[in-house]
file my_file-v2.txt (compact mmCIF, C-alpha atoms and all ligand atoms)
# COMPACT_ATOMS: atom_id res chain seq x y z
CA MET H 13 -8.89 -9.95 31.06
CA ARG H 14 -5.87 -8.02 29.89
CA ILE H 15 -5.32 -4.28 29.48
CA ILE H 16 -2.83 -3.15 26.85
CA ARG H 17 -1.82 0.45 27.48
CA ALA H 18 0.28 2.57 25.11
CA ALA H 19 1.28 6.15 24.34
CA LYS H 20 -1.06 6.07 21.34
CA VAL H 21 -3.88 3.82 20.25
CA LEU H 22 -4.97 4.01 16.58
CA THR H 23 -8.33 2.46 15.78
CA GLY H 24 -7.35 2.05 12.14
CA ARG H 25 -9.50 4.83 10.69
CA GLN H 26 -7.80 8.06 9.68
CA GLY H 27 -7.94 10.67 12.41
CA GLU H 28 -9.01 8.27 15.19
CA VAL H 29 -6.08 8.55 17.61
CA ILE H 30 -6.32 8.03 21.37
CA VAL H 31 -3.34 9.57 23.16
CA ASP H 32 -2.41 7.59 26.28
CA GLY H 33 -4.98 4.93 25.46
CA GLU H 34 -5.79 1.35 26.38
CA VAL H 35 -7.43 -1.70 24.92
CA LEU H 36 -9.20 -4.26 27.11
CA VAL H 37 -8.98 -7.80 25.75
CA ASP H 38 -10.95 -10.78 27.02
CA GLY H 39 -9.77 -14.04 25.46
CA SER H 40 -10.08 -13.66 21.70
CA GLU H 41 -12.13 -10.44 21.74
CA ILE H 42 -11.71 -6.73 22.31
CA VAL H 43 -13.97 -5.52 25.13
CA SER H 44 -13.22 -1.79 25.02
CA VAL H 45 -10.94 0.84 23.51
CA GLY H 46 -10.47 4.21 25.18
CA PRO H 47 -8.23 6.56 27.16
CA ARG H 48 -6.17 5.40 30.16
CA GLY H 49 -8.41 4.29 32.99
CA SER H 50 -11.49 3.69 30.81
CA ALA H 51 -11.19 -0.11 30.97
CA GLY H 52 -11.31 -0.30 34.76
CA GLU H 53 -9.36 -3.10 36.44
CA ALA H 54 -7.89 -6.22 34.89
CA ALA H 55 -5.80 -9.14 36.11
CA GLU H 56 -3.03 -8.35 33.65
CA VAL H 57 -1.81 -4.92 32.55
CA VAL H 58 0.72 -4.57 29.74
CA GLU H 59 2.32 -1.11 29.92
CA LEU H 60 3.89 0.03 26.64
CA PRO H 61 5.15 3.59 27.07
CA GLY H 62 6.60 5.04 23.86
CA HIS H 63 4.60 2.53 21.80
CA THR H 64 1.63 2.67 19.44
CA VAL H 65 -1.12 0.05 19.41
CA LEU H 66 -3.04 -0.43 16.18
CA PRO H 67 -5.08 -3.10 14.39
CA GLY H 68 -3.16 -6.06 13.01
CA LEU H 69 -2.18 -5.47 9.39
CA VAL H 70 -4.13 -7.00 6.51
CA ASP H 71 -2.43 -8.26 3.34
CA ALA H 72 -5.29 -8.60 0.86
CA HIS H 73 -3.34 -10.57 -1.75
CA VAL H 74 -0.88 -13.33 -0.99
CA HIS H 75 0.05 -16.72 -2.37
CA LEU H 76 1.28 -18.79 0.53
CA GLY H 77 1.89 -21.72 -1.81
CA PHE H 78 4.79 -20.08 -3.63
CA ASP H 79 8.32 -19.53 -2.52
CA ALA H 80 8.79 -15.88 -3.56
CA LYS H 81 11.13 -16.81 -6.36
CA VAL H 82 11.21 -15.12 -9.70
CA ASP H 83 9.69 -17.97 -11.62
CA PRO H 84 7.63 -20.31 -9.49
CA VAL H 85 5.63 -21.60 -12.43
CA THR H 86 8.00 -23.02 -14.97
CA ARG H 87 10.16 -24.97 -12.55
CA ARG H 88 9.50 -28.40 -13.83
CA SER H 89 9.37 -30.59 -10.77
CA PRO H 90 5.99 -29.96 -9.17
CA GLU H 91 6.24 -29.91 -5.41
CA SER H 92 4.32 -32.62 -3.58
CA GLU H 93 1.27 -31.35 -1.73
CA ARG H 94 2.72 -32.66 1.53
CA HIS H 95 5.81 -30.52 1.09
CA LEU H 96 3.85 -27.56 -0.24
CA LEU H 97 1.64 -27.47 2.85
CA LEU H 98 4.74 -27.15 5.05
CA ARG H 99 6.01 -24.32 2.87
CA MET H 100 2.67 -22.57 3.23
CA ALA H 101 2.85 -22.92 7.01
CA GLU H 102 6.31 -21.37 7.02
CA ASN H 103 5.11 -18.49 4.80
CA ALA H 104 2.17 -17.94 7.15
CA ARG H 105 4.57 -17.75 10.09
CA LYS H 106 6.66 -15.15 8.25
CA LEU H 107 3.57 -13.10 7.47
CA VAL H 108 2.38 -12.92 11.06
CA SER H 109 5.91 -12.25 12.27
CA ALA H 110 5.75 -9.07 10.14
CA GLY H 111 2.56 -7.96 11.93
CA VAL H 112 0.05 -9.27 9.36
CA THR H 113 -2.87 -10.76 11.30
CA THR H 114 -5.18 -11.36 8.31
CA ALA H 115 -4.18 -12.45 4.82
CA ARG H 116 -6.32 -13.23 1.81
CA ASP H 117 -4.79 -16.09 -0.17
CA LEU H 118 -5.84 -15.55 -3.78
CA GLY H 119 -4.79 -18.81 -5.33
CA ALA H 120 -3.59 -22.15 -4.05
CA ARG H 121 -3.90 -25.68 -5.36
CA GLY H 122 -5.32 -28.74 -3.71
CA PHE H 123 -7.42 -26.72 -1.21
CA LEU H 124 -4.27 -26.54 0.91
CA ASP H 125 -5.10 -22.95 1.92
CA LEU H 126 -8.21 -24.29 3.66
CA ALA H 127 -6.21 -26.89 5.57
CA LEU H 128 -3.73 -24.26 6.70
CA ARG H 129 -6.48 -21.75 7.58
CA ASP H 130 -8.17 -24.28 9.83
CA ALA H 131 -4.88 -25.46 11.39
CA ILE H 132 -4.00 -21.86 12.34
CA GLU H 133 -7.42 -21.28 13.90
CA GLU H 134 -7.01 -24.50 15.89
CA GLY H 135 -3.57 -23.42 17.08
CA LEU H 136 -1.74 -26.18 15.22
CA ALA H 137 0.18 -23.68 13.10
CA VAL H 138 1.39 -20.11 13.58
CA GLY H 139 -0.04 -17.56 11.17
CA PRO H 140 -2.63 -14.90 10.42
CA HIS H 141 -6.32 -15.47 9.86
CA ILE H 142 -6.57 -16.64 6.27
CA VAL H 143 -9.33 -15.67 3.85
CA ALA H 144 -8.99 -18.40 1.26
CA ALA H 145 -9.97 -18.30 -2.41
CA THR H 146 -8.69 -21.82 -3.21
CA ARG H 147 -8.47 -22.50 -6.98
CA PRO H 148 -8.65 -19.39 -9.19
CA ILE H 149 -11.22 -19.72 -11.97
CA THR H 150 -9.40 -19.45 -15.29
CA LEU H 151 -9.49 -20.63 -18.91
CA THR H 152 -8.08 -24.02 -19.89
CA GLY H 153 -4.37 -23.29 -20.16
CA GLY H 154 -5.06 -19.73 -18.96
CA HIS H 155 -3.35 -17.67 -16.28
CA CYS H 156 -2.59 -19.94 -13.29
CA TRP H 157 -4.41 -22.94 -14.80
CA TYR H 158 -2.10 -25.27 -12.86
CA MET H 159 -3.93 -24.47 -9.63
CA GLY H 160 -6.83 -26.58 -10.88
CA GLY H 161 -9.64 -24.09 -11.58
CA GLU H 162 -10.01 -24.34 -15.36
CA ALA H 163 -13.44 -23.38 -16.76
CA ASP H 164 -14.24 -22.20 -20.30
CA ASP H 165 -17.97 -21.51 -20.36
CA GLU H 166 -20.63 -20.36 -17.93
CA ARG H 167 -21.66 -23.86 -16.95
CA ALA H 168 -18.09 -24.85 -16.13
CA ILE H 169 -17.47 -21.56 -14.33
CA ARG H 170 -20.45 -22.16 -12.04
CA ARG H 171 -19.28 -25.72 -11.44
CA VAL H 172 -15.76 -24.71 -10.34
CA ALA H 173 -17.18 -21.87 -8.23
CA ARG H 174 -19.56 -24.25 -6.46
CA GLU H 175 -16.85 -26.85 -5.89
CA ASN H 176 -14.60 -24.21 -4.34
CA LEU H 177 -17.40 -23.00 -2.08
CA ARG H 178 -18.42 -26.55 -1.16
CA ALA H 179 -14.84 -27.21 -0.07
CA GLY H 180 -15.00 -24.16 2.18
CA ALA H 181 -13.63 -21.21 0.19
CA ASP H 182 -14.15 -17.81 1.85
CA CYS H 183 -14.20 -15.96 -1.48
CA LEU H 184 -13.79 -16.63 -5.18
CA LYS H 185 -10.93 -15.54 -7.42
CA VAL H 186 -11.37 -15.21 -11.16
CA MET H 187 -8.71 -14.47 -13.74
CA ALA H 188 -10.51 -11.80 -15.77
CA SER H 189 -7.41 -11.12 -17.84
CA GLY H 190 -4.27 -12.97 -18.80
CA GLY H 191 -1.15 -12.62 -16.73
CA MET H 192 2.57 -12.48 -16.83
CA MET H 193 3.55 -15.66 -15.06
CA THR H 194 1.99 -18.48 -17.06
CA PRO H 195 3.84 -19.65 -20.18
CA GLY H 196 1.51 -20.14 -23.12
CA ALA H 197 -1.42 -18.30 -21.53
CA ALA H 198 -3.00 -15.15 -22.95
CA PRO H 199 -0.95 -12.07 -22.09
CA SER H 200 -2.08 -9.66 -19.41
CA TRP H 201 -3.56 -7.10 -21.81
CA VAL H 202 -6.15 -9.63 -23.06
CA ALA H 203 -9.48 -10.31 -21.30
CA GLN H 204 -10.16 -13.98 -20.55
CA TYR H 205 -13.90 -13.75 -19.81
CA THR H 206 -16.95 -11.75 -20.87
CA THR H 207 -18.94 -9.57 -18.48
CA GLU H 208 -21.69 -12.22 -18.44
CA GLN H 209 -19.22 -14.94 -17.47
CA LEU H 210 -17.81 -12.79 -14.68
CA ARG H 211 -21.37 -12.11 -13.52
CA ALA H 212 -21.87 -15.86 -13.16
CA VAL H 213 -18.95 -15.95 -10.72
CA VAL H 214 -20.40 -13.03 -8.77
CA GLU H 215 -23.83 -14.71 -8.60
CA GLU H 216 -22.38 -17.96 -7.26
CA ALA H 217 -20.47 -16.08 -4.57
CA GLU H 218 -23.29 -13.70 -3.68
CA VAL H 219 -25.90 -16.33 -2.87
CA ARG H 220 -23.50 -17.61 -0.20
CA GLY H 221 -22.59 -14.14 1.06
CA LYS H 222 -19.06 -14.26 -0.35
CA GLY H 223 -17.01 -11.79 -2.35
CA VAL H 224 -15.15 -12.07 -5.65
CA ALA H 225 -11.61 -10.97 -6.44
CA ALA H 226 -10.97 -10.41 -10.12
CA HIS H 227 -7.42 -10.46 -11.45
CA ALA H 228 -7.52 -7.76 -14.15
CA HIS H 229 -4.63 -6.05 -15.93
CA ALA H 230 -6.35 -5.34 -19.25
CA HIS H 231 -8.61 -2.33 -19.74
CA ALA H 232 -11.46 -4.53 -21.05
CA ALA H 233 -11.12 -6.89 -18.10
CA ILE H 234 -11.18 -4.05 -15.56
CA ARG H 235 -14.36 -2.67 -17.16
CA SER H 236 -16.08 -6.07 -17.28
CA ALA H 237 -15.14 -6.82 -13.67
CA VAL H 238 -16.77 -3.59 -12.51
CA GLU H 239 -19.86 -4.21 -14.64
CA ALA H 240 -20.16 -7.72 -13.24
CA GLY H 241 -20.05 -6.38 -9.68
CA VAL H 242 -16.90 -8.01 -8.29
CA THR H 243 -15.75 -7.01 -4.81
CA THR H 244 -12.10 -6.28 -5.58
CA ILE H 245 -10.04 -5.75 -8.70
CA GLU H 246 -6.53 -7.16 -8.36
CA HIS H 247 -3.54 -5.48 -10.03
CA CYS H 248 -5.61 -2.96 -12.06
CA THR H 249 -2.51 -2.01 -14.03
CA PHE H 250 -4.34 -0.67 -17.13
CA PHE H 251 -1.96 -2.82 -19.11
CA THR H 252 -1.69 -2.68 -22.93
CA PRO H 253 0.74 -4.25 -25.40
CA SER H 254 2.87 -1.12 -24.99
CA GLY H 255 2.84 -1.05 -21.18
CA HIS H 256 0.84 0.75 -18.47
CA ARG H 257 -1.65 3.22 -19.97
CA PHE H 258 -3.77 4.83 -17.29
CA ASP H 259 -7.27 5.65 -18.56
CA ALA H 260 -9.02 8.46 -16.67
CA GLU H 261 -12.46 7.58 -18.03
CA LEU H 262 -12.16 3.93 -16.98
CA ALA H 263 -10.70 4.93 -13.60
CA ASP H 264 -13.77 7.10 -13.10
CA VAL H 265 -16.01 4.10 -13.82
CA VAL H 266 -14.13 2.10 -11.15
CA ALA H 267 -14.23 4.97 -8.64
CA THR H 268 -17.96 5.57 -9.14
CA SER H 269 -18.72 1.87 -8.63
CA GLY H 270 -16.94 1.86 -5.26
CA THR H 271 -15.19 -1.40 -6.18
CA TYR H 272 -12.09 -1.94 -4.08
CA VAL H 273 -8.80 -2.04 -5.96
CA CYS H 274 -5.81 -4.00 -4.75
CA PRO H 275 -2.95 -2.75 -6.94
CA THR H 276 -0.66 -5.46 -5.51
CA VAL H 277 1.94 -3.01 -4.34
CA HIS H 278 4.97 -5.08 -3.37
CA GLY H 279 7.94 -3.96 -1.36
CA VAL H 280 10.62 -4.81 -3.90
CA MET H 281 10.04 -1.76 -6.08
CA TRP H 282 13.63 -0.50 -5.92
CA ARG H 283 15.17 -3.85 -6.72
CA ALA H 284 12.71 -4.36 -9.59
CA ARG H 285 13.62 -0.92 -10.89
CA GLU H 286 17.29 -1.93 -11.01
CA VAL H 287 16.46 -5.12 -12.89
CA TYR H 288 13.88 -3.77 -15.34
CA GLY H 289 14.99 -0.19 -15.68
CA PRO H 290 13.11 2.79 -14.31
CA GLU H 291 10.54 3.32 -17.04
CA MET H 292 8.13 0.43 -16.45
CA LEU H 293 8.25 0.70 -12.67
CA ASP H 294 7.86 4.47 -12.70
CA ASP H 295 4.84 4.16 -15.00
CA TRP H 296 3.37 1.64 -12.55
CA LEU H 297 3.98 3.92 -9.57
CA ARG H 298 2.46 6.87 -11.44
CA GLY H 299 -0.59 4.70 -12.12
CA ILE H 300 -1.03 4.13 -8.39
CA ALA H 301 -0.75 7.86 -7.75
CA SER H 302 -3.30 8.50 -10.53
CA MET H 303 -5.73 5.98 -9.06
CA ARG H 304 -5.51 7.77 -5.70
CA GLU H 305 -6.17 11.13 -7.36
CA ALA H 306 -9.13 9.64 -9.26
CA GLY H 307 -10.71 8.57 -5.96
CA LEU H 308 -10.39 4.78 -6.28
CA ARG H 309 -10.60 2.80 -3.03
CA LEU H 310 -7.16 1.23 -2.88
CA ILE H 311 -6.15 -1.47 -0.40
CA ALA H 312 -2.86 -3.07 0.59
CA GLY H 313 -1.85 -6.43 -0.83
CA THR H 314 1.54 -7.65 -1.97
CA ASP H 315 1.03 -10.67 -4.25
CA SER H 316 3.84 -12.11 -2.14
CA GLY H 317 4.86 -15.62 -3.02
CA PHE H 318 4.98 -14.62 -6.68
CA GLY H 319 8.09 -12.84 -7.83
CA ALA H 320 7.30 -9.25 -8.74
CA ALA H 321 8.58 -7.93 -12.06
CA GLY H 322 11.41 -10.40 -12.00
CA VAL H 323 12.40 -10.02 -8.37
CA ASP H 324 11.84 -12.26 -5.35
CA ASN H 325 8.80 -11.11 -3.35
CA PRO H 326 8.89 -12.67 0.11
CA THR H 327 5.90 -12.91 2.45
CA ASP H 328 7.48 -10.83 5.21
CA GLY H 329 7.91 -7.67 3.10
CA PHE H 330 4.56 -6.11 3.97
CA VAL H 331 5.85 -2.93 5.61
CA ALA H 332 8.18 -2.31 2.65
CA SER H 333 5.09 -2.48 0.42
CA LEU H 334 3.41 0.22 2.52
CA GLU H 335 6.46 2.43 2.07
CA VAL H 336 5.90 2.22 -1.70
CA PHE H 337 2.42 3.72 -1.16
CA ALA H 338 4.20 6.62 0.56
CA GLN H 339 6.36 6.99 -2.55
CA ALA H 340 3.13 7.29 -4.55
CA GLY H 341 2.02 10.22 -2.39
CA TYR H 342 -0.04 8.57 0.34
CA GLY H 343 0.07 9.94 3.88
CA ASN H 344 0.86 7.63 6.79
CA ALA H 345 -2.64 7.71 8.32
CA GLU H 346 -4.10 6.95 4.89
CA ILE H 347 -1.70 4.02 4.45
CA ILE H 348 -2.55 2.54 7.84
CA GLU H 349 -6.24 2.80 6.96
CA LEU H 350 -5.83 0.99 3.62
CA ALA H 351 -3.69 -1.68 5.33
CA THR H 352 -6.20 -2.33 8.12
CA VAL H 353 -9.84 -1.28 8.02
CA LEU H 354 -10.23 -0.92 4.23
CA ALA H 355 -8.37 -4.13 3.42
CA ALA H 356 -10.36 -6.06 6.02
CA ASP H 357 -13.61 -4.74 4.60
CA ALA H 358 -12.57 -5.60 1.05
CA CYS H 359 -11.71 -9.15 2.16
CA GLY H 360 -15.18 -9.59 3.67
CA VAL H 361 -13.98 -9.66 7.29
CA GLY H 362 -14.58 -6.01 8.18
CA GLU H 363 -17.24 -7.01 10.71
CA VAL H 364 -14.74 -8.95 12.83
CA THR H 365 -11.31 -7.41 12.30
CA GLY H 366 -9.47 -4.44 10.77
CA THR H 367 -10.24 -1.88 13.48
CA LEU H 368 -9.82 -1.72 17.23
CA ALA H 369 -13.39 -1.70 18.52
CA ALA H 370 -15.47 -3.48 21.14
CA GLY H 371 -16.64 -6.90 19.98
CA LYS H 372 -14.01 -7.38 17.31
CA TRP H 373 -11.37 -10.09 17.31
CA ALA H 374 -8.32 -9.11 19.36
CA ASP H 375 -6.14 -8.76 16.27
CA LEU H 376 -3.64 -6.05 17.12
CA ILE H 377 -0.02 -5.06 17.06
CA ALA H 378 2.08 -2.79 19.25
CA VAL H 379 5.16 -1.09 17.82
CA ALA H 380 7.84 1.03 19.44
CA GLY H 381 7.53 4.61 18.18
CA ASP H 382 4.76 6.18 16.14
CA PRO H 383 3.98 4.96 12.60
CA LEU H 384 1.91 8.10 11.97
CA GLU H 385 5.21 9.98 12.14
CA ARG H 386 7.51 7.30 10.73
CA LEU H 387 5.93 4.46 8.80
CA ALA H 388 9.09 2.38 9.28
CA ASP H 389 8.20 2.14 12.98
CA LEU H 390 5.74 -0.59 11.92
CA ARG H 391 8.81 -2.83 11.87
CA ASN H 392 9.46 -2.31 15.61
CA LEU H 393 7.00 -4.97 16.70
CA ALA H 394 6.67 -5.43 20.43
CA LEU H 395 3.43 -7.42 20.41
CA VAL H 396 1.34 -9.30 17.86
CA LEU H 397 -2.05 -10.71 18.87
CA VAL H 398 -4.14 -12.90 16.58
CA SER H 399 -7.55 -13.46 18.17
CA GLY H 400 -5.91 -12.65 21.48
CA ARG H 401 -3.16 -15.23 21.00
CA SER H 402 0.29 -13.75 21.31
CA VAL H 403 2.76 -14.58 18.56
CA THR H 404 5.98 -14.41 20.49
CA GLN H 405 9.44 -14.27 19.02
CA ALA H 406 10.36 -17.34 21.07
CA GLY H 407 7.53 -19.28 19.47
CA VAL H 408 8.65 -18.15 16.05
CA ASP H 409 12.23 -19.26 16.74
CA THR H 410 10.98 -22.64 17.88
CA VAL H 411 9.09 -23.11 14.64
CA THR H 412 12.10 -22.04 12.58
CA ALA H 413 14.35 -24.41 14.46
CA SER H 414 11.99 -27.30 13.93
CA VAL H 415 11.66 -26.53 10.21
CA GLY H 416 15.42 -26.08 9.81
ZN ZN H 501 -1.75 -12.97 -7.25

call {"tool": "encode", "arguments": {"input": "my_file-v2.txt", "output": "structure tokens", "more": "lines below"}}
Ligand SMILES: [Zn+2]
result
Amino acid sequence: MRIIRAAKVLTGRQGEVIVDGEVLVDGSEIVSVGPRGSAGEAAEVVELPGHTVLPGLVDAHVHLGFDAKVDPVTRRSPESERHLLLRMAENARKLVSAGVTTARDLGARGFLDLALRDAIEEGLAVGPHIVAATRPITLTGGHCWYMGGEADDERAIRRVARENLRAGADCLKVMASGGMMTPGAAPSWVAQYTTEQLRAVVEEAEVRGKGVAAHAHAHAAIRSAVEAGVTTIEHCTFFTPSGHRFDAELADVVATSGTYVCPTVHGVMWRAREVYGPEMLDDWLRGIASMREAGLRLIAGTDSGFGAAGVDNPTDGFVASLEVFAQAGYGNAEIIELATVLAADACGVGEVTGTLAAGKWADLIAVAGDPLERLADLRNLALVLVSGRSVTQAGVDTVTASVG
């Protein structure tokens, strides 16, 4: 048993702050959370004065199988799966070293995300818990077809969904609209599937208790995804041939449905603005502010691995992505909530992680300072626990050295 004591303990939910608090951890689980002295005695006491303890961060949208470069798709020498798996392990290490203790991987080929997920849980690799979607379901030649999930009609869609779930997928990903990163595929303002086809994906997931993430830029795709009952809408950029066009009526439909929205806010906003000019990025940021005002349930997720708007988007930029939410008008407590409890819930793991509470996995971080006052303090990591296992800097250096 171990007591972790700090100046502040945040449970993850807005307004739940324990001043001079402590968390009692037994192995991989949290036993209790309360004020100093509430946990009784323990063999080990970690005193962290001047620090804040909070739930481990949750990145609801990553691609561990990409190298953060601008154009991972058109490089013409496909990486071997053996090499790719090592890259994914290194990306997972970077993620957890930034305080991310759960990540939802929304597209990988060869079921490599499952191999990595299991290796991390066994202690063979260093990384966060992974919620794996495996191969995204997409049209033949459609957005991200090269990950192996092509399906053009309902029968084929159900087949790919079932194969993914048979292999061990934790959720399903469907490309409801085109995208920006696949040469020759439909553009992002075009829907790839009908509502009925998306409903087939939802049905396949639901009977096994899993969720569905729908990639949707286009207005029609966002609407169909909500009608089909997906769990999360990814990107939700309200994209048209002439750029981002926020639609208040459609936003209201999304808000009323309660569907989670992961607007894939990445931390390279300012660099992207320099490259692409202010207009497109400012429209995008305004869209995120508008979604907040319209009452949509937004969650944190970076799309890291994929370059964002022409700029490298590395897996360890999670805190920078949260600072972009602040630029869009979010308060710090609100940001911590959407990066912990709400993101965990959206990823289907809200029962076991995302808040500090008795019975949950001991997924937590401790940072010097107070991120409620200064969000940047989330970078001052003093402790990262994943299911009670400490990710130490020494361990990280060892891994880096062995990779290098
Ligand atoms: Zn993505």

call {"tool": "closest_residue", "arguments": {"input": "my_file-v2.txt", "among": "H:Val138, H:Leu97, H:Cys248, H:Leu36", "to": "ligand ZN 501 (chain H)", "atoms": "only C-alpha atoms and all ligand atoms"}}
result
H:Cys248

call {"tool": "residues_near_ligand", "arguments": {"input": "my_file-v2.txt", "ligand": "ligand ZN 501 (chain H)", "cutoff": "7 Å", "atoms": "all atoms listed in the file", "output": "list in words"}}
result
His73, Val74, His75, Leu118, Gly119, Asp315 and Phe318 of chain H

call {"tool": "residues_around", "arguments": {"input": "my_file-v2.txt", "residues": "H:Ala168", "least_positions_apart": "6", "cutoff": "10 Å", "atoms": "all atoms listed in the file", "output": "PDB file with C-alpha atoms, in the frame of the given file"}}
result
ATOM      1  CA  ILE H 149     -11.220 -19.720 -11.970  1.00  0.00           C
ATOM      2  CA  LEU H 151      -9.490 -20.630 -18.910  1.00  0.00           C
ATOM      3  CA  GLY H 161      -9.640 -24.090 -11.580  1.00  0.00           C
ATOM      4  CA  GLU H 162     -10.010 -24.340 -15.360  1.00  0.00           C
ATOM      5  CA  ARG H 174     -19.560 -24.250  -6.460  1.00  0.00           C
TER       6      ARG H 174
END

call {"tool": "residues_around", "arguments": {"input": "my_file-v2.txt", "residues": "stretch 250-263 of chain H", "least_positions_apart": "3", "cutoff": "8 Å", "atoms": "only C-alpha atoms", "output": "ChimeraX atom specification"}}
result
/H:200-201,229-231,234-235,266-267,292,295-296,299,302-303,306,308

call {"tool": "closest_residue", "arguments": {"input": "my_file-v2.txt", "among": "H:Leu69, H:Ala203, H:Ala54, H:Val35", "to": "H:Arg391", "atoms": "only C-alpha atoms"}}
result
H:Leu69

call {"tool": "residues_around", "arguments": {"input": "my_file-v2.txt", "residues": "H:Ser92", "least_positions_apart": "6", "cutoff": "12 Å", "atoms": "only C-alpha atoms", "output": "PyMOL selection string"}}
result
chain H and resi 77+98-99+121-122+124

call {"tool": "closest_residue", "arguments": {"input": "my_file-v2.txt", "among": "H:Asp328, H:Asp182, H:Met192, H:Ala374", "to": "H:Ile15", "atoms": "all atoms listed in the file"}}
result
H:Ala374

call {"tool": "closest_residue", "arguments": {"input": "my_file-v2.txt", "among": "H:Ser189, H:Gln339, H:Thr268, H:Thr367", "to": "H:Leu354", "atoms": "all atoms listed in the file"}}
result
H:Thr367

call {"tool": "atom_distance", "arguments": {"input": "my_file-v2.txt", "atom1": "atom CA of H:Gly190", "atom2": "atom CA of H:Gln204"}}
result
6.2 Å

call {"tool": "residues_around", "arguments": {"input": "my_file-v2.txt", "residues": "H:Tyr158", "least_positions_apart": "4", "cutoff": "10 Å", "atoms": "all atoms listed in the file", "output": "list in words"}}
result
Val85, Ala120, Arg121, Arg147, Pro148, Thr150, Thr152, Gly153, Gly154, Glu162 and Thr194 of chain H

call {"tool": "residues_around", "arguments": {"input": "my_file-v2.txt", "residues": "H:Ala345", "least_positions_apart": "5", "cutoff": "10 Å", "atoms": "only C-alpha atoms", "output": "number ranges by chain"}}
result
H: 22, 24-29, 350-351, 383-385, 387

call {"tool": "axis_aligned_box", "arguments": {"input": "my_file-v2.txt", "around": "stretch 45-55 of chain H", "padding_each_side": "6 Å", "output": "JSON"}}
result
{"center_x": -8.6, "center_y": -1.3, "center_z": 30.0, "size_x": 17.7, "size_y": 27.7, "size_z": 24.9}

call {"tool": "closest_residue", "arguments": {"input": "my_file-v2.txt", "among": "H:Lys20, H:Arg285, H:His141, H:Arg386", "to": "H:Trp373", "atoms": "all atoms listed in the file"}}
result
H:His141

call {"tool": "residues_near_point", "arguments": {"input": "my_file-v2.txt", "point": "(-21.4, -20.6, -17.1)", "cutoff": "6 Å", "atoms": "all atoms listed in the file", "output": "JSON, numbers by chain"}}
result
{"H": [165, 166, 167, 168, 169, 170]}

call {"tool": "atom_distance", "arguments": {"input": "my_file-v2.txt", "atom1": "atom CA of H:Val331", "atom2": "atom CA of H:Ser109"}}
result
11.5 Å

call {"tool": "atom_distance", "arguments": {"input": "my_file-v2.txt", "atom1": "atom CA of H:His227", "atom2": "atom CA of H:Ala110"}}
result
25.3 Å

call {"tool": "closest_residue", "arguments": {"input": "my_file-v2.txt", "among": "H:Cys359, H:Cys183, H:Ile311, H:Ala19", "to": "H:Val273", "atoms": "only C-alpha atoms"}}
result
H:Ile311

call {"tool": "decode", "arguments": {"input": "my_file-v2.txt", "residues": "stretch 170-203 of chain H", "atoms": "C-alpha atoms", "output": "compact mmCIF listing (two decimals), in the first residue's frame"}}
result
# COMPACT_ATOMS: atom_id res chain seq x y z
CA ARG H 170 -20.27 -5.84 -41.17
CA ARG H 171 -17.55 -8.25 -42.26
CA VAL H 172 -14.69 -5.82 -41.58
CA ALA H 173 -16.29 -4.77 -38.29
CA ARG H 174 -16.58 -8.39 -37.16
CA GLU H 175 -13.01 -9.20 -38.21
CA ASN H 176 -11.71 -6.23 -36.23
CA LEU H 177 -13.71 -7.26 -33.17
CA ARG H 178 -12.68 -10.91 -33.53
CA ALA H 179 -9.04 -9.80 -33.53
CA GLY H 180 -9.65 -7.94 -30.28
CA ALA H 181 -10.53 -4.34 -31.18
CA ASP H 182 -11.79 -2.24 -28.25
CA CYS H 183 -13.87 0.02 -30.50
CA LEU H 184 -14.61 0.57 -34.18
CA LYS H 185 -13.55 3.51 -36.33
CA VAL H 186 -15.45 4.43 -39.47
CA MET H 187 -14.53 7.06 -42.03
CA ALA H 188 -17.92 8.76 -42.44
CA SER H 189 -16.42 11.45 -44.66
CA GLY H 190 -13.39 11.83 -46.87
CA GLY H 191 -10.21 13.29 -45.49
CA MET H 192 -7.24 15.40 -46.28
CA MET H 193 -4.41 12.91 -46.13
CA THR H 194 -5.23 10.26 -48.72
CA PRO H 195 -4.36 11.04 -52.35
CA GLY H 196 -7.16 10.10 -54.72
CA ALA H 197 -9.77 9.66 -51.98
CA ALA H 198 -12.95 11.72 -51.70
CA PRO H 199 -12.27 15.12 -50.13
CA SER H 200 -13.24 15.84 -46.55
CA TRP H 201 -16.45 17.71 -47.41
CA VAL H 202 -17.96 14.57 -49.00
CA ALA H 203 -19.76 11.84 -47.03
